[in-house]
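Asker: Structure file model-v2.txt (compact mmCIF, C-alpha atoms) right here:
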```txt
# COMPACT_ATOMS: atom_id res chain seq x y z
CA MET A 1 -26.67 204.66 -55.95
CA ILE A 2 -28.53 201.35 -55.54
CA GLY A 3 -29.33 201.31 -59.26
CA GLU A 4 -25.63 201.84 -60.05
CA LEU A 5 -24.65 198.95 -57.77
CA ILE A 6 -27.14 196.57 -59.39
CA GLY A 7 -26.09 197.76 -62.86
CA ALA A 8 -22.40 197.28 -62.00
CA MET A 9 -23.11 193.79 -60.70
CA VAL A 10 -25.11 192.73 -63.78
CA PHE A 11 -22.57 194.25 -66.19
CA GLY A 12 -19.73 192.55 -64.32
CA LEU A 13 -21.50 189.19 -64.62
CA LEU A 14 -22.06 189.86 -68.32
CA LEU A 15 -18.34 190.58 -68.74
CA LEU A 16 -17.52 187.30 -67.00
CA GLY A 17 -19.88 185.56 -69.45
CA ILE A 18 -18.08 187.23 -72.35
CA HIS A 19 -14.80 186.14 -70.73
CA ARG A 20 -15.94 182.50 -70.83
CA LYS A 21 -17.23 182.86 -74.38
CA VAL A 22 -14.00 184.38 -75.73
CA ILE A 23 -11.86 181.72 -74.02
CA ALA A 24 -14.08 178.97 -75.42
CA ARG A 25 -14.00 180.33 -78.98
CA ILE A 26 -10.21 180.69 -78.91
CA GLN A 27 -9.98 177.08 -77.72
CA GLY A 28 -12.31 175.89 -80.51
CA ARG A 29 -15.36 175.28 -78.32
CA PRO A 30 -18.79 176.88 -78.78
CA GLY A 31 -18.84 177.99 -75.15
CA PRO A 32 -21.80 179.08 -73.02
CA PRO A 33 -24.03 182.04 -73.93
CA ILE A 34 -22.61 185.34 -72.73
CA TRP A 35 -25.38 185.78 -70.16
CA GLN A 36 -24.51 182.43 -68.54
CA GLU A 37 -23.06 183.99 -65.37
CA ILE A 38 -26.24 186.03 -64.85
CA LEU A 39 -28.28 182.84 -65.25
CA HIS A 40 -25.90 181.07 -62.85
CA THR A 41 -26.57 183.68 -60.19
CA LEU A 42 -30.33 183.38 -60.60
CA LYS A 43 -30.15 179.59 -60.73
CA PHE A 44 -28.15 179.34 -57.51
CA SER A 45 -30.40 181.83 -55.77
CA PHE A 46 -33.39 179.51 -56.30
CA LYS A 47 -31.69 176.35 -55.06
CA VAL A 48 -32.28 174.77 -51.68
CA SER A 49 -29.39 175.69 -49.41
CA TRP A 50 -27.94 174.56 -46.14
CA VAL A 51 -24.74 174.74 -44.14
CA PRO A 52 -22.53 171.61 -44.17
CA ARG A 53 -22.05 169.90 -40.83
CA THR A 54 -18.27 170.38 -41.01
CA ALA A 55 -18.58 174.13 -41.56
CA SER A 56 -18.23 176.95 -39.09
CA ARG A 57 -21.78 178.23 -39.45
CA VAL A 58 -21.17 181.89 -38.54
CA LEU A 59 -18.12 182.22 -40.79
CA PHE A 60 -19.70 180.17 -43.60
CA ILE A 61 -22.66 182.58 -43.87
CA GLY A 62 -20.96 185.75 -42.67
CA ILE A 63 -18.12 185.57 -45.18
CA VAL A 64 -20.62 185.82 -48.06
CA LEU A 65 -21.94 189.09 -46.63
CA VAL A 66 -18.42 190.38 -46.09
CA ALA A 67 -17.43 189.44 -49.66
CA ILE A 68 -20.27 191.50 -51.12
CA ALA A 69 -19.78 194.36 -48.64
CA ILE A 70 -16.10 194.93 -49.46
CA TRP A 71 -16.82 195.27 -53.20
CA VAL A 72 -19.71 197.63 -52.53
CA ALA A 73 -17.20 199.67 -50.52
CA ALA A 74 -14.65 199.46 -53.34
CA TYR A 75 -17.22 200.67 -55.87
CA LEU A 76 -18.08 203.64 -53.65
CA VAL A 77 -14.39 204.50 -53.19
CA VAL A 78 -13.87 204.69 -56.97
CA ARG A 79 -17.16 206.51 -57.53
CA GLU A 80 -16.36 209.17 -54.92
CA GLY A 81 -12.73 209.56 -56.03
CA GLY A 82 -11.34 208.26 -52.74
CA SER A 83 -7.87 207.06 -51.87
CA LEU A 84 -6.12 204.42 -53.94
CA LEU A 85 -4.73 202.99 -50.71
CA ILE A 86 -8.25 202.15 -49.48
CA LEU A 87 -9.08 200.61 -52.85
CA PHE A 88 -5.92 198.53 -52.93
CA GLY A 89 -6.46 197.60 -49.27
CA ILE A 90 -9.81 196.15 -50.34
CA TYR A 91 -8.05 194.19 -53.11
CA MET A 92 -5.87 192.69 -50.39
CA LEU A 93 -8.85 192.11 -48.14
CA HIS A 94 -10.45 190.04 -50.87
CA LYS A 95 -7.63 187.50 -50.51
CA ILE A 96 -8.40 187.21 -46.80
CA VAL A 97 -12.08 186.79 -47.67
CA GLU A 98 -11.21 183.98 -50.10
CA HIS A 99 -9.18 182.43 -47.31
CA GLY A 100 -12.21 182.71 -45.02
CA PHE A 101 -14.43 181.08 -47.63
CA GLY A 102 -12.09 178.11 -47.85
CA LEU A 103 -11.53 177.64 -44.14
CA SER A 104 -15.16 178.12 -43.15
CA SER A 105 -16.37 175.08 -45.08
CA GLY A 106 -14.28 172.42 -43.36
CA SER A 107 -13.73 170.79 -46.76
CA PRO A 108 -10.13 169.85 -47.64
CA TYR A 109 -10.63 171.31 -51.13
CA GLY A 110 -11.88 174.55 -49.63
CA LYS A 111 -8.95 174.64 -47.24
CA PHE A 112 -6.44 174.11 -50.04
CA GLY A 113 -8.14 176.89 -51.98
CA GLY A 114 -7.98 179.12 -48.92
CA VAL A 115 -4.29 178.44 -48.41
CA ARG A 116 -3.61 179.18 -52.08
CA SER A 117 -5.45 182.48 -51.66
CA VAL A 118 -2.87 183.48 -49.10
CA ILE A 119 -0.05 182.39 -51.41
CA SER A 120 -1.60 184.29 -54.29
CA ALA A 121 -1.56 187.48 -52.24
CA ALA A 122 1.82 187.84 -53.95
CA SER A 123 -0.19 189.02 -56.93
CA GLU A 124 -0.82 192.23 -55.01
CA ILE A 125 2.88 193.12 -54.88
CA PRO A 126 2.80 194.75 -58.35
CA LEU A 127 -0.13 196.78 -57.03
CA PHE A 128 1.99 198.49 -54.41
CA VAL A 129 4.74 199.08 -56.93
CA SER A 130 2.28 200.76 -59.27
CA VAL A 131 1.13 202.96 -56.36
CA SER A 132 4.65 204.26 -55.88
CA GLY A 133 4.89 205.18 -59.56
CA ILE A 134 1.54 206.94 -59.51
CA VAL A 135 2.54 209.00 -56.47
CA ILE A 136 5.88 209.98 -58.03
CA VAL A 137 4.19 211.26 -61.19
CA THR A 138 0.87 212.71 -59.97
CA GLY A 139 1.84 213.59 -56.39
CA SER A 140 -1.39 212.19 -54.93
CA LEU A 141 -3.13 208.97 -54.02
CA LEU A 142 -6.65 210.36 -54.33
CA ILE A 143 -8.45 209.04 -57.39
CA SER A 144 -10.11 212.45 -57.84
CA ASP A 145 -6.67 214.14 -57.88
CA ILE A 146 -5.32 211.56 -60.32
CA ALA A 147 -8.33 212.20 -62.58
CA GLY A 148 -7.62 215.93 -62.32
CA TRP A 149 -3.97 215.38 -63.23
CA GLN A 150 -5.04 213.42 -66.30
CA ALA A 151 -7.40 216.20 -67.37
CA VAL A 152 -4.33 218.45 -67.66
CA HIS A 153 -1.57 216.05 -68.74
CA GLY A 154 -3.44 213.30 -70.56
CA PRO A 155 -3.88 209.63 -69.67
CA LEU A 156 -1.55 208.24 -67.03
CA LEU A 157 -1.30 205.14 -69.23
CA LEU A 158 0.93 207.12 -71.62
CA ALA A 159 2.93 208.86 -68.89
CA LEU A 160 3.50 205.73 -66.83
CA PRO A 161 3.05 202.55 -68.90
CA PRO A 162 4.94 200.29 -66.44
CA ALA A 163 2.48 201.16 -63.65
CA ALA A 164 -0.41 200.39 -66.00
CA PHE A 165 1.27 197.10 -66.87
CA ALA A 166 1.60 196.24 -63.17
CA MET A 167 -2.06 197.02 -62.61
CA TYR A 168 -3.00 194.99 -65.70
CA LEU A 169 -1.11 192.06 -64.22
CA VAL A 170 -3.15 192.43 -61.05
CA LEU A 171 -6.36 192.39 -63.13
CA LEU A 172 -5.12 189.25 -64.88
CA SER A 173 -4.35 187.60 -61.55
CA LYS A 174 -7.94 188.21 -60.42
CA MET A 175 -9.57 186.83 -63.57
CA PRO A 176 -10.97 183.29 -63.43
CA TRP A 177 -9.39 180.63 -65.67
CA GLY A 178 -6.21 182.69 -66.02
CA PRO A 179 -2.53 181.85 -65.59
CA PHE A 180 -2.60 182.94 -61.93
CA SER A 181 -5.98 181.40 -60.97
CA ILE A 182 -4.38 178.91 -58.63
CA VAL A 183 -7.17 179.31 -56.08
CA GLU A 184 -9.69 177.76 -58.47
CA SER A 185 -7.46 175.14 -60.03
CA LYS A 186 -9.31 171.97 -61.03
CA GLU A 187 -7.16 169.64 -58.93
CA ILE A 188 -8.82 171.20 -55.87
CA VAL A 189 -12.33 171.03 -57.47
CA SER A 190 -13.64 174.61 -57.20
CA GLY A 191 -11.10 175.70 -54.61
CA TYR A 192 -12.32 177.98 -51.86
CA LYS A 193 -15.90 178.00 -53.17
CA THR A 194 -16.32 174.23 -53.42
CA GLU A 195 -18.74 173.96 -50.50
CA HIS A 196 -20.61 177.22 -51.03
CA PHE A 197 -23.64 176.26 -53.08
CA GLY A 198 -27.23 177.46 -53.41
CA ILE A 199 -27.86 180.99 -52.19
CA TRP A 200 -24.34 181.20 -50.74
CA ARG A 201 -22.91 180.69 -54.25
CA ALA A 202 -25.43 183.20 -55.61
CA GLY A 203 -24.05 185.71 -53.10
CA LEU A 204 -20.53 184.87 -54.24
CA GLU A 205 -21.59 185.48 -57.85
CA VAL A 206 -22.97 188.89 -56.83
CA CYS A 207 -19.55 189.59 -55.32
CA ASN A 208 -17.79 188.43 -58.50
CA GLY A 209 -19.95 190.65 -60.70
CA LEU A 210 -19.21 193.70 -58.57
CA LYS A 211 -15.53 192.78 -58.34
CA THR A 212 -15.13 192.53 -62.12
CA SER A 213 -16.82 195.88 -62.67
CA VAL A 214 -14.81 197.63 -59.97
CA LEU A 215 -11.47 196.22 -61.13
CA LEU A 216 -11.98 197.30 -64.74
CA TYR A 217 -13.61 200.63 -63.85
CA SER A 218 -10.82 201.57 -61.44
CA PHE A 219 -8.19 200.71 -64.08
CA ILE A 220 -9.92 203.04 -66.54
CA VAL A 221 -10.34 205.88 -64.04
CA VAL A 222 -6.74 205.67 -62.81
CA PHE A 223 -4.93 205.12 -66.10
CA ILE A 224 -7.18 206.53 -68.83
CA GLY A 225 -9.13 209.18 -66.95
CA PRO A 226 -12.77 210.07 -66.42
CA LEU A 227 -14.86 209.25 -69.50
CA PRO A 228 -18.55 209.32 -70.48
CA LEU A 229 -20.44 206.21 -69.42
CA LEU A 230 -20.65 204.68 -72.89
CA TRP A 231 -16.88 204.98 -73.36
CA VAL A 232 -16.28 203.50 -69.91
CA LEU A 233 -18.41 200.48 -70.82
CA LEU A 234 -16.65 200.07 -74.17
CA PHE A 235 -13.20 200.32 -72.57
CA MET A 236 -14.24 197.82 -69.91
CA LEU A 237 -15.35 195.43 -72.63
CA GLY A 238 -12.11 195.92 -74.56
CA ILE A 239 -9.90 195.33 -71.52
CA GLN A 240 -11.96 192.30 -70.55
CA VAL A 241 -11.57 190.76 -74.01
CA SER A 242 -7.80 191.35 -73.92
CA LEU A 243 -7.67 189.63 -70.52
CA SER A 244 -9.70 186.74 -71.95
CA PHE A 245 -7.14 186.34 -74.74
CA ALA A 246 -4.34 186.26 -72.16
CA CYS A 247 -6.23 183.69 -70.08
CA ALA A 248 -7.05 181.50 -73.10
CA LEU A 249 -3.51 181.46 -74.47
CA THR A 250 -1.60 181.00 -71.22
CA PRO A 251 -1.52 177.76 -69.23
CA MET A 252 -2.26 177.93 -65.54
CA LEU A 253 0.98 178.22 -63.61
CA SER A 254 1.81 176.13 -60.59
CA PRO A 255 1.43 178.03 -57.29
CA PHE A 256 5.21 178.38 -56.94
CA ASP A 257 5.67 179.65 -60.51
CA SER A 258 2.73 182.01 -60.14
CA VAL A 259 4.30 183.70 -57.12
CA THR A 260 7.75 183.73 -58.75
CA VAL A 261 6.53 185.43 -61.93
CA GLN A 262 4.62 188.09 -60.02
CA SER A 263 7.51 188.74 -57.64
CA LEU A 264 9.97 189.09 -60.53
CA VAL A 265 7.71 191.54 -62.33
CA ALA A 266 7.23 193.50 -59.11
CA GLY A 267 11.01 193.55 -58.53
CA ALA A 268 11.74 194.81 -62.04
CA LEU A 269 9.10 197.52 -61.74
CA LEU A 270 10.39 198.53 -58.32
CA LEU A 271 13.85 199.10 -59.78
CA TYR A 272 12.31 201.16 -62.59
CA PHE A 273 10.34 203.36 -60.17
CA LEU A 274 13.32 203.79 -57.87
CA ALA A 275 15.29 205.04 -60.85
CA LEU A 276 12.35 207.22 -61.88
CA GLY A 277 12.16 208.68 -58.36
CA VAL A 278 15.86 209.54 -58.42
CA ILE A 279 15.62 211.14 -61.88
CA LEU A 280 12.49 213.14 -61.06
CA MET B 1 -35.36 181.91 -40.61
CA LYS B 2 -38.99 182.19 -41.63
CA LYS B 3 -40.00 183.37 -45.08
CA THR B 4 -41.73 186.45 -43.67
CA THR B 5 -38.60 187.37 -41.68
CA ALA B 6 -36.51 187.21 -44.86
CA LEU B 7 -39.05 189.43 -46.62
CA ILE B 8 -38.99 191.96 -43.78
CA ILE B 9 -35.18 192.13 -43.86
CA THR B 10 -35.28 192.59 -47.65
CA ILE B 11 -37.78 195.43 -47.40
CA VAL B 12 -35.96 197.14 -44.52
CA CYS B 13 -32.61 196.95 -46.34
CA GLY B 14 -34.15 198.15 -49.61
CA ALA B 15 -35.84 201.06 -47.88
CA ALA B 16 -32.61 201.98 -46.05
CA MET B 17 -30.67 201.99 -49.32
CA LEU B 18 -33.30 204.08 -51.12
CA LEU B 19 -33.43 206.61 -48.28
CA ALA B 20 -29.63 206.77 -48.07
CA SER B 21 -29.31 207.28 -51.84
CA ALA B 22 -32.02 209.93 -51.99
CA GLY B 23 -30.80 211.62 -48.81
CA ALA B 24 -27.21 211.78 -50.03
CA ALA B 25 -28.31 213.13 -53.43
CA ALA B 26 -30.39 215.83 -51.72
CA GLY B 27 -27.62 216.67 -49.26
CA HIS B 28 -29.62 215.64 -46.18
CA VAL B 29 -27.49 212.58 -45.39
CA PRO B 30 -23.68 212.85 -45.07
CA PRO B 31 -21.97 210.89 -47.90
CA LEU B 32 -20.00 208.74 -45.47
CA LEU B 33 -23.16 207.72 -43.61
CA ALA B 34 -24.91 206.93 -46.90
CA ALA B 35 -21.91 204.83 -47.98
CA GLY B 36 -21.93 202.98 -44.66
CA ILE B 37 -25.63 202.20 -45.03
CA MET B 38 -25.10 200.93 -48.59
CA ILE B 39 -22.15 198.75 -47.53
CA LEU B 40 -24.20 197.12 -44.75
CA ALA B 41 -27.61 196.98 -46.41
CA PHE B 42 -26.71 195.81 -49.94
CA PRO B 43 -25.26 192.40 -48.97
CA ALA B 44 -27.88 191.81 -46.26
CA GLY B 45 -30.70 192.81 -48.62
CA ALA B 46 -29.40 190.66 -51.49
CA MET B 47 -29.01 187.55 -49.33
CA ALA B 48 -32.38 188.09 -47.61
CA LEU B 49 -33.98 188.42 -51.06
CA PHE B 50 -32.42 185.10 -52.12
CA LEU B 51 -33.57 183.50 -48.87
CA TRP B 52 -37.08 184.85 -49.38
CA TRP B 53 -37.65 183.61 -52.89
CA CYS B 54 -36.13 180.16 -52.37
CA ALA B 55 -38.13 179.56 -49.21
CA GLY B 56 -41.13 177.26 -49.11
CA GLU B 57 -44.54 178.32 -47.82
CA GLY B 58 -44.76 175.53 -45.26
CA GLU B 59 -43.59 175.33 -41.70
CA GLY B 60 -39.93 175.04 -40.82
CA ASP B 61 -36.87 177.15 -41.00
CA ILE B 62 -35.11 178.11 -44.20
CA PRO B 63 -32.49 177.41 -45.21
CA PHE B 64 -32.14 174.00 -43.62
CA LEU B 65 -29.09 174.43 -41.39
CA GLY B 66 -27.17 171.26 -40.62
CA TYR B 67 -28.19 167.63 -41.09
```
How would this structure read if it were set down as structure tokens?

Answerer:
Amino acid sequence: MIGELIGAMVFGLLLLGIHRKVIARIQGRPGPPIWQEILHTLKFSFKVSWVPRTASRVLFIGIVLVAIAIWVAAYLVVREGGSLLILFGIYMLHKIVEHGFGLSSGSPYGKFGGVRSVISAASEIPLFVSVSGIVIVTGSLLISDIAGWQAVHGPLLLALPPAAFAMYLVLLSKMPWGPFSIVESKEIVSGYKTEHFGIWRAGLEVCNGLKTSVLLYSFIVVFIGPLPLLWVLLFMLGIQVSLSFACALTPMLSPFDSVTVQSLVAGALLLYFLALGVIL
Amino acid sequence: MKKTTALIITIVCGAAMLLASAGAAAGHVPPLLAAGIMILAFPAGAMALFLWWCAGEGEGDIPFLGY
């Protein structure tokens, strides 16, 4: 289990490196090497670290532990075929953790990033809409049951493309340098993670590696079905590259527009699933 | 936190995770308990490991907390 967690973290960081590389190449830049995020994590872990005077010391340190812990929990939920509601609850919890990161530092940039995290919780609305569609079609919220349903009926992606689209939008909203990445927008420096440097940033990178792996892995398990490991890794790479294209070709939206777009998509999907529920 | 303290936390967390993994695989540890141990020990172990290898050998606490 520990080996899987470390592997998921390293692969997630590698995917984030590929994400940066693809974006750079599309934008005509050479970009960093694909293992840059792994090097970042190691680099930060060796740096001298302290807690800023303006920070709330307990929250500043504790939130790093919480950030890693929730994605370890999310990985275990997917691995054990647990409930989608717990998994999606953790997705929501991550927004609160980002908020905690920002507020704990005492920095105005961190606080703005934290406030934007709360605003960007709107990105989770499509998540709940996709849950309703999955329940209507498969009759269960357990990932193991959904995998079983797909073994009989084929990938849920084909049976329920709007739900997959909603989930894809959620993945896009959680990718760095994307159209919905308002929490890390450059006008607020590095947003909620501005003041977390040194080993605290290394811990945050560990969290980001796990998060990326869990997000892509859960999408595959829920919408494509259980696959051999090699295929899972290849699908994760493919989805990541498609997300990188979307991030590279789409300008970052303003916070208001970001919420509006996600709410409109969620509303349209909700109408679709309501109609689907009536028909079925 | 002293360098030796960080090392002890790293070792304890690592050992707890290994025992939980092996115990769950062998059926001696309930899966929920193993998951709980992993959720608590992985972040603590990772951060203690970072603290340990960035710490100096001299006197004084690491990391330097406050100005």

Asker: In terms of the shortest atom-to-atom distance over all atoms listed in the file, which of A:Gly114, A:Gly133, A:Gly3, A:Gly225 is closest to chain B?

Answerer: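 Nearest candidate to chain B out of A:Gly114, A:Gly133, A:Gly3, A:Gly225: A:Gly3.
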
Asker: Do you have the CA of Pro161 (chain A)-CA of Ser83 (chain A) distance handy?

Answerer: 20.7 Å

Asker: Report as a tab-separated table: every residue of chain A with an atom at most 12 Å from chain B, its closest pair of atoms, and their distance in Å to one decimal, counting only C-alpha atoms, with rows sorted by chain and ascending residue number.

Answerer:
```
residue	atom	partner	partner_atom	distance
A:Met1	CA	B:Ser21	CA	5.5
A:Ile2	CA	B:Met17	CA	6.6
A:Gly3	CA	B:Leu18	CA	9.5
A:Glu4	CA	B:Ser21	CA	10.5
A:Leu5	CA	B:Phe42	CA	8.7
A:Ile6	CA	B:Phe42	CA	9.5
A:Met9	CA	B:Phe42	CA	11.5
A:Thr41	CA	B:Phe50	CA	10.1
A:Leu42	CA	B:Phe50	CA	8.9
A:Lys43	CA	B:Cys54	CA	10.3
A:Phe44	CA	B:Phe50	CA	9.0
A:Ser45	CA	B:Phe50	CA	5.3
A:Phe46	CA	B:Cys54	CA	4.8
A:Lys47	CA	B:Cys54	CA	6.4
A:Val48	CA	B:Cys54	CA	6.7
A:Ser49	CA	B:Pro63	CA	5.5
A:Trp50	CA	B:Leu65	CA	4.9
A:Val51	CA	B:Leu65	CA	5.2
A:Pro52	CA	B:Gly66	CA	5.9
A:Arg53	CA	B:Gly66	CA	5.3
A:Thr54	CA	B:Gly66	CA	9.0
A:Ala55	CA	B:Gly66	CA	9.1
A:Ser56	CA	B:Gly66	CA	10.7
A:Arg57	CA	B:Leu65	CA	8.5
A:Val58	CA	B:Leu65	CA	11.2
A:Phe60	CA	B:Leu65	CA	11.2
A:Ile61	CA	B:Met47	CA	9.7
A:Gly62	CA	B:Ala44	CA	9.9
A:Ile63	CA	B:Pro43	CA	10.6
A:Val64	CA	B:Pro43	CA	8.1
A:Leu65	CA	B:Pro43	CA	5.2
A:Val66	CA	B:Pro43	CA	7.7
A:Ala67	CA	B:Pro43	CA	8.4
A:Ile68	CA	B:Pro43	CA	5.5
A:Ala69	CA	B:Ile39	CA	5.1
A:Ile70	CA	B:Ile39	CA	7.4
A:Trp71	CA	B:Ile39	CA	8.5
A:Val72	CA	B:Ile39	CA	5.7
A:Ala73	CA	B:Ile39	CA	5.9
A:Ala74	CA	B:Ile39	CA	9.5
A:Tyr75	CA	B:Ile39	CA	9.9
A:Leu76	CA	B:Ala35	CA	6.9
A:Val77	CA	B:Ala35	CA	9.2
A:Arg79	CA	B:Ala35	CA	10.8
A:Glu80	CA	B:Pro31	CA	9.1
A:Gly82	CA	B:Leu32	CA	11.3
A:Phe197	CA	B:Pro63	CA	11.9
A:Gly198	CA	B:Phe50	CA	9.3
A:Ile199	CA	B:Phe50	CA	6.1
A:Trp200	CA	B:Met47	CA	8.0
A:Arg201	CA	B:Met47	CA	10.4
A:Ala202	CA	B:Phe50	CA	8.0
A:Gly203	CA	B:Met47	CA	6.5
A:Leu204	CA	B:Met47	CA	10.2
A:Glu205	CA	B:Ala46	CA	11.3
A:Val206	CA	B:Ala46	CA	8.5
A:Cys207	CA	B:Pro43	CA	9.0
A:Leu210	CA	B:Pro43	CA	11.4
```

Asker: Mind pulling up the distance from CA of Phe273 (chain A) to CA of Pro162 (chain A)?

Answerer: 8.8 Å

Asker: What does the distance between CA of Ile143 (chain A) and CA of Leu243 (chain A) come to in Å, to one decimal place?

Answerer: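 Answer for the CA of Ile143 (chain A) to CA of Leu243 (chain A) separation: 23.4 Å.
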
Asker: Please identify all polymer residues within 10 Å of Ser242 (chain A), counting only C-alpha atoms, omitting same-chain residues fewer than 6 positions from it, and present them as an mmCIF file with C-alpha atoms, keeping the file's coordinate frame.

Answerer:
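As a result, out.cif now contains:
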```cif
data_model
loop_
_atom_site.group_PDB
_atom_site.id
_atom_site.type_symbol
_atom_site.label_atom_id
_atom_site.label_comp_id
_atom_site.auth_asym_id
_atom_site.auth_seq_id
_atom_site.Cartn_x
_atom_site.Cartn_y
_atom_site.Cartn_z
ATOM 1 C CA HIS A 19 -14.800 186.140 -70.730
ATOM 2 C CA VAL A 22 -14.000 184.380 -75.730
ATOM 3 C CA LEU A 172 -5.120 189.250 -64.880
ATOM 4 C CA MET A 236 -14.240 197.820 -69.910
ATOM 5 C CA ALA A 248 -7.050 181.500 -73.100
#
```

Asker: Could you list, as a ChimeraX atom specification, every residue within 12 Å of Ala121 (chain A), counting all atoms listed in the file and ignoring same-chain residues fewer than 2 positions away?

Answerer: /A:88-89,91-99,114-119,123-128,170,173-174,180-183,255,258-260,262-263

Asker: At the level of N, CA and C atoms, write region 36-54 of chain B to a file as a tab-separated table (two decimals), in the first residue's frame, please.

Answerer:
```tsv
chain	number	residue	atom	x	y	z
B	36	GLY	N	-6.84	3.92	8.14
B	36	GLY	CA	-6.68	5.01	9.11
B	36	GLY	C	-5.22	5.25	9.45
B	37	ILE	N	-4.47	4.16	9.62
B	37	ILE	CA	-3.04	4.29	9.93
B	37	ILE	C	-2.31	4.95	8.76
B	38	MET	N	-2.64	4.52	7.54
B	38	MET	CA	-1.98	5.12	6.36
B	38	MET	C	-2.28	6.61	6.26
B	39	ILE	N	-3.55	6.96	6.50
B	39	ILE	CA	-3.97	8.36	6.36
B	39	ILE	C	-3.25	9.25	7.38
B	40	LEU	N	-3.01	8.72	8.58
B	40	LEU	CA	-2.32	9.52	9.60
B	40	LEU	C	-0.81	9.47	9.44
B	41	ALA	N	-0.29	8.30	9.11
B	41	ALA	CA	1.17	8.12	9.13
B	41	ALA	C	1.85	8.64	7.86
B	42	PHE	N	1.18	8.58	6.72
B	42	PHE	CA	1.86	8.99	5.47
B	42	PHE	C	2.24	10.48	5.50
B	43	PRO	N	1.29	11.39	5.80
B	43	PRO	CA	1.69	12.80	5.84
B	43	PRO	C	2.71	13.10	6.93
B	44	ALA	N	2.50	12.52	8.12
B	44	ALA	CA	3.44	12.78	9.23
B	44	ALA	C	4.83	12.25	8.88
B	45	GLY	N	4.87	11.06	8.30
B	45	GLY	CA	6.16	10.46	7.93
B	45	GLY	C	6.87	11.26	6.86
B	46	ALA	N	6.10	11.71	5.83
B	46	ALA	CA	6.71	12.48	4.74
B	46	ALA	C	7.29	13.79	5.26
B	47	MET	N	6.52	14.50	6.08
B	47	MET	CA	7.00	15.80	6.58
B	47	MET	C	8.16	15.62	7.56
B	48	ALA	N	8.11	14.56	8.38
B	48	ALA	CA	9.22	14.31	9.31
B	48	ALA	C	10.48	13.96	8.52
B	49	LEU	N	10.31	13.22	7.42
B	49	LEU	CA	11.47	12.89	6.57
B	49	LEU	C	12.09	14.16	6.00
B	50	PHE	N	11.24	15.08	5.52
B	50	PHE	CA	11.75	16.35	4.97
B	50	PHE	C	12.46	17.14	6.07
B	51	LEU	N	11.85	17.17	7.26
B	51	LEU	CA	12.47	17.88	8.38
B	51	LEU	C	13.82	17.28	8.72
B	52	TRP	N	13.88	15.95	8.68
B	52	TRP	CA	15.12	15.27	9.06
B	52	TRP	C	16.25	15.59	8.09
B	53	TRP	N	15.98	15.50	6.79
B	53	TRP	CA	17.12	15.66	5.89
B	53	TRP	C	17.47	17.12	5.59
B	54	CYS	N	16.62	18.06	6.01
B	54	CYS	CA	17.03	19.45	5.81
B	54	CYS	C	17.58	20.05	7.10
```
